[in-house]
file structure06.json (JSON, C-alpha atoms)
[["chain", "number", "residue", "atom", "x", "y", "z"],
["A", 812, "LYS", "CA", 10.15, 10.61, -12.99],
["A", 813, "ASN", "CA", 9.89, 7.55, -10.73],
["A", 814, "GLN", "CA", 7.46, 5.05, -12.18],
["A", 815, "VAL", "CA", 6.43, 1.45, -11.65],
["A", 816, "GLU", "CA", 4.64, -0.32, -14.49],
["A", 817, "GLN", "CA", 2.92, -3.65, -13.98],
["A", 818, "SER", "CA", 1.63, -6.14, -16.50],
["A", 819, "PRO", "CA", -0.74, -7.59, -17.23],
["A", 820, "GLN", "CA", -3.43, -5.31, -15.86],
["A", 821, "SER", "CA", -5.61, -8.32, -15.16],
["A", 822, "LEU", "CA", -5.28, -12.08, -15.47],
["A", 823, "ILE", "CA", -7.67, -14.99, -15.20],
["A", 824, "ILE", "CA", -6.35, -18.50, -14.62],
["A", 825, "LEU", "CA", -7.69, -21.85, -13.56],
["A", 826, "GLU", "CA", -7.08, -23.23, -10.11],
["A", 827, "GLY", "CA", -3.88, -25.24, -9.94],
["A", 828, "LYS", "CA", -2.17, -23.38, -12.78],
["A", 829, "ASN", "CA", 0.95, -21.25, -12.47],
["A", 830, "CYS", "CA", 1.27, -17.63, -13.48],
["A", 831, "THR", "CA", 3.85, -14.87, -13.64],
["A", 832, "LEU", "CA", 3.29, -11.18, -13.05],
["A", 833, "GLN", "CA", 5.68, -8.52, -14.30],
["A", 834, "CYS", "CA", 6.96, -5.26, -12.88],
["A", 835, "ASN", "CA", 9.24, -2.70, -14.57],
["A", 836, "TYR", "CA", 10.47, 0.34, -12.74],
["A", 837, "THR", "CA", 12.42, 3.53, -13.28],
["A", 838, "VAL", "CA", 12.87, 4.49, -9.63],
["A", 839, "SER", "CA", 16.28, 5.92, -8.85],
["A", 840, "PRO", "CA", 18.14, 5.61, -6.61],
["A", 841, "PHE", "CA", 16.90, 2.11, -5.89],
["A", 842, "SER", "CA", 16.62, 0.77, -2.37],
["A", 843, "ASN", "CA", 14.32, -2.24, -2.49],
["A", 844, "LEU", "CA", 11.37, -3.77, -4.27],
["A", 845, "ARG", "CA", 8.37, -5.34, -2.61],
["A", 846, "TRP", "CA", 5.44, -7.37, -3.75],
["A", 847, "TYR", "CA", 2.17, -7.04, -1.91],
["A", 848, "LYS", "CA", -1.11, -8.90, -2.11],
["A", 849, "GLN", "CA", -4.22, -6.81, -1.62],
["A", 850, "ASP", "CA", -7.58, -8.45, -1.17],
["A", 851, "THR", "CA", -10.59, -6.35, -2.11],
["A", 852, "GLY", "CA", -11.40, -3.86, 0.64],
["A", 853, "ARG", "CA", -8.29, -4.72, 2.66],
["A", 854, "GLY", "CA", -4.87, -3.25, 3.19],
["A", 855, "PRO", "CA", -1.88, -4.69, 1.28],
["A", 856, "VAL", "CA", -0.02, -7.59, 2.84],
["A", 857, "SER", "CA", 3.68, -8.06, 2.19],
["A", 858, "LEU", "CA", 4.77, -11.11, 0.19],
["A", 859, "THR", "CA", 8.44, -10.44, -0.48],
["A", 860, "ILE", "CA", 11.03, -7.72, -0.18],
["A", 861, "MET", "CA", 14.24, -7.68, -2.18],
["A", 862, "THR", "CA", 17.25, -5.42, -2.10],
["A", 863, "PHE", "CA", 19.67, -4.63, -4.90],
["A", 864, "SER", "CA", 21.84, -7.68, -4.31],
["A", 865, "GLU", "CA", 19.03, -10.24, -4.21],
["A", 866, "ASN", "CA", 17.96, -12.03, -7.40],
["A", 867, "THR", "CA", 15.24, -14.25, -6.08],
["A", 868, "LYS", "CA", 13.18, -14.72, -2.96],
["A", 869, "SER", "CA", 10.48, -17.20, -2.15],
["A", 870, "ASN", "CA", 7.55, -17.16, 0.23],
["A", 871, "GLY", "CA", 5.67, -20.43, -0.01],
["A", 872, "ARG", "CA", 4.09, -20.65, -3.45],
["A", 873, "TYR", "CA", 5.25, -17.13, -4.29],
["A", 874, "THR", "CA", 8.66, -16.57, -5.87],
["A", 875, "ALA", "CA", 9.88, -13.11, -6.76],
["A", 876, "THR", "CA", 12.84, -12.33, -9.01],
["A", 877, "LEU", "CA", 14.73, -9.11, -9.45],
["A", 878, "ASP", "CA", 17.05, -7.96, -12.22],
["A", 879, "ALA", "CA", 18.45, -4.66, -11.02],
["A", 880, "ASP", "CA", 20.33, -4.12, -14.29],
["A", 881, "THR", "CA", 17.22, -4.17, -16.44],
["A", 882, "LYS", "CA", 15.04, -2.86, -13.60],
["A", 883, "GLN", "CA", 12.58, -5.69, -13.88],
["A", 884, "SER", "CA", 10.93, -7.94, -11.36],
["A", 885, "SER", "CA", 8.51, -10.82, -11.61],
["A", 886, "LEU", "CA", 6.25, -12.63, -9.20],
["A", 887, "HIS", "CA", 5.61, -16.28, -9.95],
["A", 888, "ILE", "CA", 2.70, -18.03, -8.31],
["A", 889, "THR", "CA", 2.78, -21.80, -8.31],
["A", 890, "ALA", "CA", -0.23, -24.13, -8.10],
["A", 891, "SER", "CA", -2.70, -21.29, -7.76],
["A", 892, "GLN", "CA", -5.56, -21.46, -5.30],
["A", 893, "LEU", "CA", -8.90, -19.68, -5.25],
["A", 894, "SER", "CA", -7.66, -17.60, -2.34],
["A", 895, "ASP", "CA", -4.92, -16.19, -4.56],
["A", 896, "SER", "CA", -7.55, -14.05, -6.26],
["A", 897, "ALA", "CA", -6.48, -10.51, -5.38],
["A", 898, "SER", "CA", -4.59, -7.52, -6.66],
["A", 899, "TYR", "CA", -0.79, -7.90, -6.64],
["A", 900, "ILE", "CA", 1.09, -4.67, -6.24],
["A", 901, "CYS", "CA", 4.74, -4.00, -7.00],
["A", 902, "VAL", "CA", 6.22, -1.26, -4.83],
["A", 903, "VAL", "CA", 9.67, 0.25, -5.20],
["A", 904, "SER", "CA", 11.49, 2.22, -2.56],
["A", 905, "GLY", "CA", 14.25, 4.62, -3.40],
["A", 906, "GLY", "CA", 16.38, 7.04, -1.45],
["A", 907, "SER", "CA", 16.35, 7.58, 2.27],
["A", 908, "ASN", "CA", 13.01, 9.25, 2.76],
["A", 909, "TYR", "CA", 10.97, 6.03, 2.90],
["A", 910, "LYS", "CA", 8.76, 7.16, 0.03],
["A", 911, "LEU", "CA", 7.34, 4.39, -2.05],
["A", 912, "THR", "CA", 6.35, 4.28, -5.69],
["A", 913, "PHE", "CA", 3.41, 2.00, -6.32],
["A", 914, "GLY", "CA", 2.45, 0.10, -9.42],
["A", 915, "LYS", "CA", -1.23, -0.01, -10.31],
["A", 916, "GLY", "CA", -1.36, -3.69, -9.60],
["A", 917, "THR", "CA", -2.33, -6.82, -11.48],
["A", 918, "LEU", "CA", -5.78, -8.12, -10.70],
["A", 919, "LEU", "CA", -5.58, -11.91, -10.57],
["A", 920, "THR", "CA", -8.69, -14.04, -10.68],
["A", 921, "VAL", "CA", -8.38, -17.76, -10.02],
["A", 922, "ASN", "CA", -11.39, -19.73, -11.20],
["A", 923, "PRO", "CA", -12.30, -23.27, -10.14],
["B", 1154, "GLY", "CA", 5.22, -8.83, 14.67],
["B", 1155, "ALA", "CA", 4.93, -5.36, 13.11],
["B", 1156, "VAL", "CA", 1.16, -4.93, 13.12],
["B", 1157, "VAL", "CA", -0.65, -1.70, 12.33],
["B", 1158, "SER", "CA", -4.23, -1.62, 13.57],
["B", 1159, "GLN", "CA", -6.55, 0.71, 11.66],
["B", 1160, "HIS", "CA", -9.98, 1.70, 12.88],
["B", 1161, "PRO", "CA", -12.75, 1.93, 11.82],
["B", 1162, "SER", "CA", -12.76, -0.49, 8.91],
["B", 1163, "TRP", "CA", -15.72, 1.28, 7.35],
["B", 1164, "VAL", "CA", -17.75, 4.38, 8.05],
["B", 1165, "ILE", "CA", -20.73, 6.10, 6.47],
["B", 1166, "CYS", "CA", -21.22, 9.76, 7.29],
["B", 1167, "LYS", "CA", -23.37, 12.64, 6.20],
["B", 1168, "SER", "CA", -22.01, 15.39, 4.03],
["B", 1169, "GLY", "CA", -20.51, 18.18, 6.12],
["B", 1170, "THR", "CA", -19.53, 16.06, 9.10],
["B", 1171, "SER", "CA", -16.03, 15.07, 10.16],
["B", 1172, "VAL", "CA", -14.62, 11.57, 10.41],
["B", 1173, "LYS", "CA", -11.55, 10.43, 12.33],
["B", 1174, "ILE", "CA", -9.50, 7.43, 11.31],
["B", 1175, "GLU", "CA", -6.96, 5.94, 13.71],
["B", 1176, "CYS", "CA", -3.86, 3.90, 13.08],
["B", 1177, "ARG", "CA", -1.96, 2.29, 15.90],
["B", 1178, "SER", "CA", 1.33, 0.43, 15.77],
["B", 1179, "LEU", "CA", 0.80, -2.49, 18.13],
["B", 1180, "ASP", "CA", 4.25, -3.92, 18.73],
["B", 1181, "PHE", "CA", 6.66, -1.29, 17.53],
["B", 1182, "GLN", "CA", 7.14, 2.44, 17.64],
["B", 1183, "ALA", "CA", 6.18, 4.33, 14.52],
["B", 1184, "THR", "CA", 7.89, 7.69, 14.34],
["B", 1185, "THR", "CA", 6.54, 8.00, 10.82],
["B", 1186, "MET", "CA", 3.14, 7.04, 9.41],
["B", 1187, "PHE", "CA", 2.06, 7.33, 5.80],
["B", 1188, "TRP", "CA", -1.52, 8.00, 4.80],
["B", 1189, "TYR", "CA", -2.81, 6.85, 1.44],
["B", 1190, "ARG", "CA", -6.03, 7.10, -0.50],
["B", 1191, "GLN", "CA", -7.11, 4.51, -3.01],
["B", 1192, "PHE", "CA", -9.91, 4.85, -5.51],
["B", 1193, "PRO", "CA", -11.48, 1.74, -7.09],
["B", 1194, "LYS", "CA", -9.08, -0.10, -9.39],
["B", 1195, "GLN", "CA", -6.41, 2.53, -8.80],
["B", 1196, "SER", "CA", -3.05, 2.45, -7.11],
["B", 1197, "LEU", "CA", -2.47, 3.77, -3.62],
["B", 1198, "MET", "CA", -1.77, 7.50, -3.67],
["B", 1199, "LEU", "CA", 0.26, 9.05, -0.90],
["B", 1200, "MET", "CA", -1.62, 11.89, 0.78],
["B", 1201, "ALA", "CA", 0.65, 12.84, 3.63],
["B", 1202, "THR", "CA", 3.39, 11.74, 5.95],
["B", 1203, "SER", "CA", 2.92, 12.18, 9.66],
["B", 1204, "ASN", "CA", 5.86, 12.47, 12.02],
["B", 1205, "GLU", "CA", 5.62, 12.04, 15.75],
["B", 1206, "GLY", "CA", 5.98, 15.37, 17.48],
["B", 1207, "SER", "CA", 6.04, 17.52, 14.39],
["B", 1208, "LYS", "CA", 3.79, 18.74, 11.62],
["B", 1209, "ALA", "CA", 2.72, 16.41, 8.86],
["B", 1210, "THR", "CA", 3.97, 16.92, 5.34],
["B", 1211, "TYR", "CA", 1.34, 16.84, 2.64],
["B", 1212, "GLU", "CA", 1.63, 15.84, -0.99],
["B", 1213, "GLN", "CA", 0.90, 18.37, -3.66],
["B", 1214, "GLY", "CA", -2.81, 18.86, -4.18],
["B", 1215, "VAL", "CA", -3.85, 17.53, -0.77],
["B", 1216, "GLU", "CA", -5.63, 20.11, 1.36],
["B", 1217, "LYS", "CA", -4.09, 20.40, 4.81],
["B", 1218, "ASP", "CA", -7.19, 21.94, 6.35],
["B", 1219, "LYS", "CA", -9.40, 19.20, 5.02],
["B", 1220, "PHE", "CA", -7.26, 16.23, 5.98],
["B", 1221, "LEU", "CA", -5.99, 16.90, 9.48],
["B", 1222, "ILE", "CA", -3.23, 14.62, 10.66],
["B", 1223, "ASN", "CA", -2.11, 14.21, 14.22],
["B", 1224, "HIS", "CA", 0.77, 12.03, 15.38],
["B", 1225, "ALA", "CA", 0.76, 12.69, 19.09],
["B", 1226, "SER", "CA", 2.52, 9.53, 20.23],
["B", 1227, "LEU", "CA", 4.92, 6.90, 18.90],
["B", 1228, "THR", "CA", 2.06, 4.43, 18.49],
["B", 1229, "LEU", "CA", -0.86, 6.51, 17.26],
["B", 1230, "SER", "CA", -1.53, 8.58, 14.17],
["B", 1231, "THR", "CA", -4.93, 9.93, 13.21],
["B", 1232, "LEU", "CA", -6.43, 11.31, 10.02],
["B", 1233, "THR", "CA", -9.51, 13.48, 10.30],
["B", 1234, "VAL", "CA", -11.51, 14.21, 7.19],
["B", 1235, "THR", "CA", -13.21, 17.51, 7.97],
["B", 1236, "SER", "CA", -16.45, 18.69, 6.41],
["B", 1237, "ALA", "CA", -16.59, 15.54, 4.32],
["B", 1238, "HIS", "CA", -18.17, 15.59, 0.88],
["B", 1239, "PRO", "CA", -19.20, 12.73, -1.40],
["B", 1240, "GLU", "CA", -16.02, 13.17, -3.46],
["B", 1241, "ASP", "CA", -14.03, 12.28, -0.32],
["B", 1242, "SER", "CA", -15.51, 8.79, -0.43],
["B", 1243, "SER", "CA", -12.57, 6.47, -0.84],
["B", 1244, "PHE", "CA", -10.46, 3.78, 0.77],
["B", 1245, "TYR", "CA", -7.95, 5.25, 3.21],
["B", 1246, "ILE", "CA", -4.92, 3.22, 4.30],
["B", 1247, "CYS", "CA", -2.06, 3.96, 6.66],
["B", 1248, "SER", "CA", 1.33, 2.34, 6.72],
["B", 1249, "ALA", "CA", 4.42, 2.49, 8.86],
["B", 1250, "PRO", "CA", 8.02, 1.48, 8.21],
["B", 1251, "PRO", "CA", 8.91, -0.75, 11.18],
["B", 1252, "GLY", "CA", 12.22, -1.71, 9.74],
["B", 1253, "ARG", "CA", 13.98, -3.34, 6.85],
["B", 1254, "ALA", "CA", 13.24, -6.86, 7.99],
["B", 1255, "TYR", "CA", 9.53, -6.34, 7.91],
["B", 1256, "GLY", "CA", 9.17, -3.86, 5.13],
["B", 1257, "TYR", "CA", 6.23, -1.53, 5.31],
["B", 1258, "THR", "CA", 3.25, -2.66, 7.30],
["B", 1259, "PHE", "CA", -0.14, -1.49, 6.16],
["B", 1260, "GLY", "CA", -3.30, -1.03, 8.15],
["B", 1261, "SER", "CA", -6.38, -2.92, 7.03],
["B", 1262, "GLY", "CA", -7.88, 0.22, 5.51],
["B", 1263, "THR", "CA", -10.98, 2.33, 6.11],
["B", 1264, "ARG", "CA", -13.77, 2.51, 3.59],
["B", 1265, "LEU", "CA", -15.30, 6.00, 3.87],
["B", 1266, "THR", "CA", -18.65, 6.67, 2.25],
["B", 1267, "VAL", "CA", -20.04, 10.20, 2.42],
["B", 1268, "VAL", "CA", -23.75, 10.50, 1.65]]
call {"tool": "encode", "arguments": {"input": "structure06.json", "output": "structure tokens"}}
result
Amino acid sequence: KNQVEQSPQSLIILEGKNCTLQCNYTVSPFSNLRWYKQDTGRGPVSLTIMTFSENTKSNGRYTATLDADTKQSSLHITASQLSDSASYICVVSGGSNYKLTFGKGTLLTVNP
Amino acid sequence: GAVVSQHPSWVICKSGTSVKIECRSLDFQATTMFWYRQFPKQSLMLMATSNEGSKATYEQGVEKDKFLINHASLTLSTLTVTSAHPEDSSFYICSAPPGRAYGYTFGSGTRLTVV
């Protein structure tokens, strides 16, 4: 069964600190892995997308890593800001039918 | 580029009425549109996949007659919640796959509250 597990479920950090979110998946075959940021009451916004051959990808203060062998990914947020408070969702795509498997997300709260 | 416009962003309706949610791809053609439902603190759950010019495919457990999907053009897909009940209250989101470079683009979501 295709699954995406994210940890931690929630995280509270102080503004300016770094943090790392984890994603483990069992989706097969694997096509790509995406990280999205979802603000409360809004649709998800893409942060990064990585294919099998990519190990790391950055988007500003966000850096995602992918280990396709162990089927793990992480999202590192540097110098957090209050606006980073949101749910971060790991989404894995497999096969050719465009279907996505969603993680439940990590709810990040950045406090001043 | 690759914007999906979803409307309305929120709606409150009375039990028994129908509500239509629209998703438009603004700068690309979307032959496929995915419709999701998201309950508070839960992951997005795929309800159905709409395909331009053909019938939508629904996920197991999703009532076709209750959630009517129409994908009449390459830029517009609609979801109609018929005879809405309070348990249909949820956050509905559409998304389209514009291409590998962009990944999947999501609409901004519609908060439906049935009273």
call {"tool": "atom_distance", "arguments": {"input": "structure06.json", "atom1": "atom CA of Gly1169 of chain B", "atom2": "atom CA of His1238 of chain B"}}
result
6.3 Å
call {"tool": "interface_residues", "arguments": {"input": "structure06.json", "of": "chain B", "to": "chain A", "cutoff": "12 Å", "atoms": "all atoms listed in the file", "output": "JSON, numbers by chain"}}
result
{"B": [1155, 1156, 1157, 1158, 1159, 1162, 1163, 1184, 1185, 1186, 1187, 1188, 1189, 1190, 1191, 1192, 1193, 1194, 1195, 1196, 1197, 1198, 1199, 1200, 1201, 1202, 1212, 1243, 1244, 1245, 1246, 1247, 1248, 1249, 1250, 1251, 1252, 1253, 1254, 1255, 1256, 1257, 1258, 1259, 1260, 1261, 1262, 1263, 1264, 1265]}
call {"tool": "write_last_selection", "arguments": {"input": "structure06.json", "atoms": "C-alpha atoms", "output": "PDB file, keeping the file's coordinate frame"}}
result
ATOM      1  CA  ALA B1155       4.930  -5.360  13.110  1.00  0.00           C
ATOM      2  CA  VAL B1156       1.160  -4.930  13.120  1.00  0.00           C
ATOM      3  CA  VAL B1157      -0.650  -1.700  12.330  1.00  0.00           C
ATOM      4  CA  SER B1158      -4.230  -1.620  13.570  1.00  0.00           C
ATOM      5  CA  GLN B1159      -6.550   0.710  11.660  1.00  0.00           C
ATOM      6  CA  SER B1162     -12.760  -0.490   8.910  1.00  0.00           C
ATOM      7  CA  TRP B1163     -15.720   1.280   7.350  1.00  0.00           C
ATOM      8  CA  THR B1184       7.890   7.690  14.340  1.00  0.00           C
ATOM      9  CA  THR B1185       6.540   8.000  10.820  1.00  0.00           C
ATOM     10  CA  MET B1186       3.140   7.040   9.410  1.00  0.00           C
ATOM     11  CA  PHE B1187       2.060   7.330   5.800  1.00  0.00           C
ATOM     12  CA  TRP B1188      -1.520   8.000   4.800  1.00  0.00           C
ATOM     13  CA  TYR B1189      -2.810   6.850   1.440  1.00  0.00           C
ATOM     14  CA  ARG B1190      -6.030   7.100  -0.500  1.00  0.00           C
ATOM     15  CA  GLN B1191      -7.110   4.510  -3.010  1.00  0.00           C
ATOM     16  CA  PHE B1192      -9.910   4.850  -5.510  1.00  0.00           C
ATOM     17  CA  PRO B1193     -11.480   1.740  -7.090  1.00  0.00           C
ATOM     18  CA  LYS B1194      -9.080  -0.100  -9.390  1.00  0.00           C
ATOM     19  CA  GLN B1195      -6.410   2.530  -8.800  1.00  0.00           C
ATOM     20  CA  SER B1196      -3.050   2.450  -7.110  1.00  0.00           C
ATOM     21  CA  LEU B1197      -2.470   3.770  -3.620  1.00  0.00           C
ATOM     22  CA  MET B1198      -1.770   7.500  -3.670  1.00  0.00           C
ATOM     23  CA  LEU B1199       0.260   9.050  -0.900  1.00  0.00           C
ATOM     24  CA  MET B1200      -1.620  11.890   0.780  1.00  0.00           C
ATOM     25  CA  ALA B1201       0.650  12.840   3.630  1.00  0.00           C
ATOM     26  CA  THR B1202       3.390  11.740   5.950  1.00  0.00           C
ATOM     27  CA  GLU B1212       1.630  15.840  -0.990  1.00  0.00           C
ATOM     28  CA  SER B1243     -12.570   6.470  -0.840  1.00  0.00           C
ATOM     29  CA  PHE B1244     -10.460   3.780   0.770  1.00  0.00           C
ATOM     30  CA  TYR B1245      -7.950   5.250   3.210  1.00  0.00           C
ATOM     31  CA  ILE B1246      -4.920   3.220   4.300  1.00  0.00           C
ATOM     32  CA  CYS B1247      -2.060   3.960   6.660  1.00  0.00           C
ATOM     33  CA  SER B1248       1.330   2.340   6.720  1.00  0.00           C
ATOM     34  CA  ALA B1249       4.420   2.490   8.860  1.00  0.00           C
ATOM     35  CA  PRO B1250       8.020   1.480   8.210  1.00  0.00           C
ATOM     36  CA  PRO B1251       8.910  -0.750  11.180  1.00  0.00           C
ATOM     37  CA  GLY B1252      12.220  -1.710   9.740  1.00  0.00           C
ATOM     38  CA  ARG B1253      13.980  -3.340   6.850  1.00  0.00           C
ATOM     39  CA  ALA B1254      13.240  -6.860   7.990  1.00  0.00           C
ATOM     40  CA  TYR B1255       9.530  -6.340   7.910  1.00  0.00           C
ATOM     41  CA  GLY B1256       9.170  -3.860   5.130  1.00  0.00           C
ATOM     42  CA  TYR B1257       6.230  -1.530   5.310  1.00  0.00           C
ATOM     43  CA  THR B1258       3.250  -2.660   7.300  1.00  0.00           C
ATOM     44  CA  PHE B1259      -0.140  -1.490   6.160  1.00  0.00           C
ATOM     45  CA  GLY B1260      -3.300  -1.030   8.150  1.00  0.00           C
ATOM     46  CA  SER B1261      -6.380  -2.920   7.030  1.00  0.00           C
ATOM     47  CA  GLY B1262      -7.880   0.220   5.510  1.00  0.00           C
ATOM     48  CA  THR B1263     -10.980   2.330   6.110  1.00  0.00           C
ATOM     49  CA  ARG B1264     -13.770   2.510   3.590  1.00  0.00           C
ATOM     50  CA  LEU B1265     -15.300   6.000   3.870  1.00  0.00           C
TER      51      LEU B1265
END
call {"tool": "atom_distance", "arguments": {"input": "structure06.json", "atom1": "atom CA of Leu1179 of chain B", "atom2": "atom CA of Ser1203 of chain B"}}
result
17.1 Å
call {"tool": "atom_distance", "arguments": {"input": "structure06.json", "atom1": "atom CA of Ala897 of chain A", "atom2": "atom CA of Ile823 of chain A"}}
result
10.9 Å
call {"tool": "closest_residue", "arguments": {"input": "structure06.json", "among": "A:Glu865, A:Thr837, A:Gln814, A:Tyr873", "to": "Gln892 of chain A", "atoms": "all atoms listed in the file"}}
result
A:Tyr873
call {"tool": "build_atoms", "arguments": {"input": "structure06.json", "residues": "segment 1169-1178 of chain B", "atoms": "all heavy atoms", "output": "compact mmCIF listing (two decimals), in the coordinates of the input"}}
result
# COMPACT_ATOMS: atom_id res chain seq x y z
N GLY B 1169 -20.71 17.06 5.20
CA GLY B 1169 -20.51 18.18 6.12
C GLY B 1169 -20.00 17.78 7.49
O GLY B 1169 -19.53 18.63 8.26
N THR B 1170 -20.04 16.51 7.80
CA THR B 1170 -19.53 16.06 9.10
C THR B 1170 -18.08 15.68 8.98
O THR B 1170 -17.51 15.60 7.88
CB THR B 1170 -20.34 14.86 9.63
OG1 THR B 1170 -20.22 13.77 8.69
CG2 THR B 1170 -21.80 15.23 9.79
N SER B 1171 -17.44 15.45 10.13
CA SER B 1171 -16.03 15.07 10.16
C SER B 1171 -15.89 13.62 10.60
O SER B 1171 -16.68 13.11 11.39
CB SER B 1171 -15.25 15.99 11.11
OG SER B 1171 -15.26 17.30 10.63
N VAL B 1172 -14.88 12.98 10.09
CA VAL B 1172 -14.62 11.57 10.41
C VAL B 1172 -13.16 11.40 10.80
O VAL B 1172 -12.27 11.92 10.12
CB VAL B 1172 -14.91 10.68 9.18
CG1 VAL B 1172 -14.50 9.24 9.44
CG2 VAL B 1172 -16.38 10.75 8.81
N LYS B 1173 -12.92 10.67 11.88
CA LYS B 1173 -11.55 10.43 12.33
C LYS B 1173 -11.19 8.97 12.11
O LYS B 1173 -11.94 8.06 12.47
CB LYS B 1173 -11.39 10.77 13.81
CG LYS B 1173 -9.96 10.53 14.33
CD LYS B 1173 -9.85 10.74 15.83
CE LYS B 1173 -9.80 12.18 16.19
NZ LYS B 1173 -9.48 12.39 17.63
N ILE B 1174 -10.02 8.78 11.53
CA ILE B 1174 -9.50 7.43 11.31
C ILE B 1174 -8.22 7.28 12.14
O ILE B 1174 -7.36 8.16 12.13
CB ILE B 1174 -9.18 7.21 9.81
CG1 ILE B 1174 -10.44 7.42 8.97
CG2 ILE B 1174 -8.60 5.81 9.58
CD1 ILE B 1174 -10.17 7.45 7.47
N GLU B 1175 -8.12 6.16 12.85
CA GLU B 1175 -6.96 5.94 13.71
C GLU B 1175 -6.09 4.81 13.21
O GLU B 1175 -6.60 3.79 12.73
CB GLU B 1175 -7.41 5.59 15.14
CG GLU B 1175 -8.08 6.70 15.88
CD GLU B 1175 -8.34 6.30 17.34
OE1 GLU B 1175 -8.19 5.12 17.67
OE2 GLU B 1175 -8.70 7.20 18.12
N CYS B 1176 -4.80 4.98 13.36
CA CYS B 1176 -3.86 3.90 13.08
C CYS B 1176 -2.90 3.76 14.25
O CYS B 1176 -2.26 4.73 14.65
CB CYS B 1176 -3.07 4.19 11.79
SG CYS B 1176 -3.94 3.66 10.32
N ARG B 1177 -2.82 2.57 14.76
CA ARG B 1177 -1.96 2.29 15.90
C ARG B 1177 -0.94 1.22 15.54
O ARG B 1177 -1.27 0.19 14.95
CB ARG B 1177 -2.77 1.78 17.09
CG ARG B 1177 -3.73 2.77 17.68
CD ARG B 1177 -4.48 2.19 18.87
NE ARG B 1177 -5.46 3.14 19.38
CZ ARG B 1177 -5.18 4.07 20.28
NH1 ARG B 1177 -3.97 4.15 20.77
NH2 ARG B 1177 -6.11 4.89 20.68
N SER B 1178 0.31 1.47 15.91
CA SER B 1178 1.33 0.43 15.77
C SER B 1178 1.30 -0.38 17.06
O SER B 1178 1.46 0.16 18.15
CB SER B 1178 2.71 1.06 15.53
OG SER B 1178 3.04 1.95 16.57
